[in-house]
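Asks: First the structure, which I've put down as structure tokens, then a few questions once you've had a look.
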Amino acid sequence: MSHTIPAIKGGTPVRQQFLALGLPDISDAEKNEVLDTLSGTWLSKGPKVQVFQREFARYVGVPRALALNNCTAALHLSLLAAGIGPGDEVIVPSLTFVATANVAVYVGATPVLVDVEPDTLLISISAIERALTPRTRAIIPVHLYGRPCPMDSIMALARQKGLVVIEDAAHAVGTEDRGRKIGSIGDFTCFSFYATKNLCTGDGGMVTCPNNEEAMTRMEVLSLHGMSTDAWKRFSPEGNPVWGMVDVGYKYNMMDLQAALGIQQLRRLEGFLANRRELVAHYRNLLKGHPGIQLMAPDPSDGRHSHHLFPIFLNADQLSVSRDEFLAALKAENIGCGIHYHALHMQPYYRNRFSLREKGFPVSTQAHNTLLSLPLHTKMGLADVETVVEALIKLLRYYAK
Ligand SMILES: *Cc1c(COP(=O)(O)O)cnc(C)c1O
């Protein structure tokens with residue numbers, strides 16, 4: 001009987017050991033590559049960054065990729081290279097990480113938040129259409145949780161209206177839409193290699209820009225103070241120490257220590273994705289039709305979901321506790337969990353600055369109140385999925401109204 005009492009109420013937790021929501025997966029291959037870098041003479045942006053960029057571009061199927069210190073920098077440089085600035089409007093989904101909208105503020109543009117689709121939480125095409133004004137210059141679709149946005153519809157709308165498409169692919173390394181890798185479709189695509197993302201370099205990012213060599217070069221210059229050549233090209237034995245500053249740029253480059261991790265993580269990526277797919281299939285099987293929760297839409301039939309996160313909706317109106325209290329109870333069972341994401345229109349800064357109201361964003365508001373992400377990473381196994389489901393069902397039963 002005691003096992004039915006939640007740990008937060010003094011019962012025995014379902015798990016003895018805490019299961020993290022997300023974890024990096026670093027093998028000896030990554031460790032050896034980092035040690036190789038440390039034994040050499042070049043730690044910052046140098047030969048390993050070149051290799052990682054080349055191999056990442058080949059993986060995505062584009063001529064070039066630019067490695068940066070994070071995805072936020074990639075989004076910022078994309079907006080700058082697209083010439084977006086004060087007076088311009090940038091359409092952003094209301095359910096995403098704060099960085100997606102913050103970058104529009106960085107360049108002095110106005111982020112225009114729009115609602116998302118109920119079963120996928122991807123940006124809504126009809127909401128984009130309703131938000132268009134003569135000042136609209138760009139759309140930032142987010143491949144949320146690793147699910148591909150419908151890029152054909154987004155690109156067709158953008159071409160018709162003369163808009164730039166900058167994809168936030170922070171969750172979407174390896175995601176495909178109709179046989180094409182994300183990174184090869186939009187004008188700019190920005191990836192994150194943050195510690196818990198599908199491919200990890202500690203912190204790190206990459207931007208691709210398949211059809212605009214000039215924008216790619218401009219982003220490279222802006223990523224290193226606006227200097228015309230990078231330090232490796234200036235100070236290496238075959239380098240030329242002469243350079244010029246052509247613009248005021250930033251210090252946004254990736255370093256070789258990060259690229260060392262990235263080179264080896266990229267070689268393991270397909271294995272990671274297969275692993276994640278298997279864990280998600282197990283979760284979905286065990287949770288299918290369970291009262292008290294709702295699952296996201298199944299995987300797309302004409303694309304590949306990279307399963308960065310596994311969120312579910314909690315039917316909080318059927319429970320005697322709030323979603324946040326439920327989260328605390330799940331944590332007490334030693335299950336890591338989180339909320340992806342708190343909607344942007346509910347954030348004090350955006351709500352106050354742009355006078356946003358909940359009723360303009362019914363789907364994001366509902367998601368904001370009911371989302372719950374369960375552990376998903378490649379250091380866990382099917383047995384871990386089973387303990388998560390056991391804890392979830394224990395709490396759903398205990399707290400059922
Ligand atoms: C992680 C994340 C970012 C930011 O990535 P960084 O590499 O940490 O800058 C942007 N957008 C989304 C949706 C993210 O999850």
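A note on labels: chains of the structure tokens are A, B, ... as shown, every chain counts residues from 1, and ligands are counted from 1 in their shown order.
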Using only C-alpha atoms and all ligand atoms, what are the residues with an atom within 10 Å of ligand 1, set out as an NGL selection string?
Replies: :A and (68-76 or 95-103 or 141-146 or 167-172 or 190-197 or 200-206 or 308-309 or 340-341)
Asks: Compile the contact shell of Val248 of chain A as a list in words: residues with an atom at most 8 Å away, counting only C-alpha atoms, same-chain residues fewer than 5 positions apart removed.
Replies: Leu222, His225 and Gly226 of chain A
Asks: How would the residues just chosen look if you wrote them out with N, CA, C and O atoms as a PDB file, in the first residue's frame?
Replies:
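part-v8.pdb, freshly written:
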ATOM      1  N   LEU A 222      31.559  38.952 -39.049  1.00  0.00           N
ATOM      2  CA  LEU A 222      30.900  39.488 -37.848  1.00  0.00           C
ATOM      3  C   LEU A 222      31.135  38.605 -36.618  1.00  0.00           C
ATOM      4  O   LEU A 222      31.025  39.070 -35.494  1.00  0.00           O
ATOM      5  N   HIS A 225      34.790  39.903 -34.491  1.00  0.00           N
ATOM      6  CA  HIS A 225      35.040  41.341 -34.302  1.00  0.00           C
ATOM      7  C   HIS A 225      34.871  42.195 -35.549  1.00  0.00           C
ATOM      8  O   HIS A 225      35.138  43.391 -35.502  1.00  0.00           O
ATOM      9  N   GLY A 226      34.496  41.581 -36.687  1.00  0.00           N
ATOM     10  CA  GLY A 226      34.458  42.359 -37.922  1.00  0.00           C
ATOM     11  C   GLY A 226      35.814  42.410 -38.612  1.00  0.00           C
ATOM     12  O   GLY A 226      36.044  43.237 -39.493  1.00  0.00           O
TER      13      GLY A 226
END
Asks: Do you know which residues are at most 9 Å from Pro13 of chain A counting only C-alpha atoms, after dropping those on the same chain fewer than 6 positions away, and could you put them as a short mmCIF file (atom, residue, chain, number, x, y, z; two decimals) with all heavy atoms, in the first residue's frame?
Replies:
data_model
loop_
_atom_site.label_atom_id
_atom_site.label_comp_id
_atom_site.auth_asym_id
_atom_site.auth_seq_id
_atom_site.Cartn_x
_atom_site.Cartn_y
_atom_site.Cartn_z
N HIS A 3 3.50 1.99 -1.44
CA HIS A 3 4.05 2.42 -2.72
C HIS A 3 3.07 3.27 -3.51
O HIS A 3 3.42 3.88 -4.48
CB HIS A 3 4.52 1.23 -3.56
CG HIS A 3 3.40 0.34 -4.00
ND1 HIS A 3 2.86 -0.59 -3.15
CD2 HIS A 3 2.74 0.24 -5.17
CE1 HIS A 3 1.89 -1.21 -3.81
NE2 HIS A 3 1.80 -0.74 -5.03
N ILE A 5 1.54 5.78 -2.07
CA ILE A 5 1.63 7.13 -1.49
C ILE A 5 2.79 7.87 -2.15
O ILE A 5 3.90 7.37 -2.21
CB ILE A 5 1.84 7.05 0.04
CG1 ILE A 5 0.63 6.35 0.68
CG2 ILE A 5 2.04 8.45 0.64
CD1 ILE A 5 0.81 6.03 2.13
N PRO A 6 2.53 9.06 -2.65
CA PRO A 6 3.61 9.82 -3.30
C PRO A 6 4.77 10.06 -2.35
O PRO A 6 4.56 10.26 -1.14
CB PRO A 6 2.93 11.14 -3.69
CG PRO A 6 1.48 10.84 -3.75
CD PRO A 6 1.24 9.77 -2.73
N ALA A 7 5.99 10.05 -2.90
CA ALA A 7 7.18 10.30 -2.08
C ALA A 7 7.09 11.68 -1.43
O ALA A 7 7.55 11.88 -0.30
CB ALA A 7 8.43 10.19 -2.95
N ALA A 332 9.98 14.31 -6.73
CA ALA A 332 10.19 13.59 -5.46
C ALA A 332 10.24 12.07 -5.68
O ALA A 332 10.83 11.35 -4.88
CB ALA A 332 9.09 13.95 -4.48
N GLU A 333 9.66 11.60 -6.80
CA GLU A 333 9.78 10.16 -7.16
C GLU A 333 11.13 9.89 -7.81
O GLU A 333 11.37 8.80 -8.33
CB GLU A 333 8.66 9.75 -8.13
CG GLU A 333 7.24 9.94 -7.61
CD GLU A 333 6.89 9.09 -6.40
OE1 GLU A 333 7.48 8.01 -6.23
OE2 GLU A 333 6.02 9.55 -5.61
N ASN A 334 11.99 10.92 -7.88
CA ASN A 334 13.32 10.84 -8.49
C ASN A 334 13.27 10.79 -10.02
O ASN A 334 14.10 10.15 -10.67
CB ASN A 334 14.15 9.68 -7.93
CG ASN A 334 14.77 10.03 -6.60
OD1 ASN A 334 15.17 11.18 -6.39
ND2 ASN A 334 14.83 9.07 -5.70
N ALA A 391 5.87 5.86 -12.23
CA ALA A 391 5.74 7.01 -11.30
C ALA A 391 4.61 7.93 -11.76
O ALA A 391 3.81 8.41 -10.94
CB ALA A 391 7.05 7.77 -11.25
#
Asks: Just list the residues in segment 131-221 of chain A DSSP gives strand (DSSP E) on the backbone, as a ChimeraX atom specification.
Replies: /A:136-139,164-168,176-177,180-181,188-192,205-208
Asks: Mind checking which residues fall within 7 Å of Gly183 of chain A, counting only C-alpha atoms, ignoring those fewer than 3 positions away in the same chain, and posting them as a PyMOL selection string?
Replies: chain A and resi 60+186+189+208
Asks: Give the answer as one residue: which of A:Ile8, A:Val116, A:Leu19, A:Met255 has the shortest atom-to-atom distance to Phe326 of chain A, using only C-alpha atoms?
Replies: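 Going through A:Ile8, A:Val116, A:Leu19, A:Met255 one by one, the smallest distance to Phe326 of chain A is for A:Ile8.
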Asks: Per residue of segment 52-95 of chain A within 8 Å of segment 257-266 of chain A, which atom pair is closest and at what distance in Å (one decimal), using only C-alpha atoms, listed by chain and increasing number, as a Markdown table?
Replies:
| residue | atom | partner | partner_atom | distance |
| --- | --- | --- | --- | --- |
| A:Phe52 | CA | A:Ile263 | CA | 5.2 |
| A:Glu55 | CA | A:Ile263 | CA | 7.5 |
| A:Phe56 | CA | A:Leu266 | CA | 7.4 |
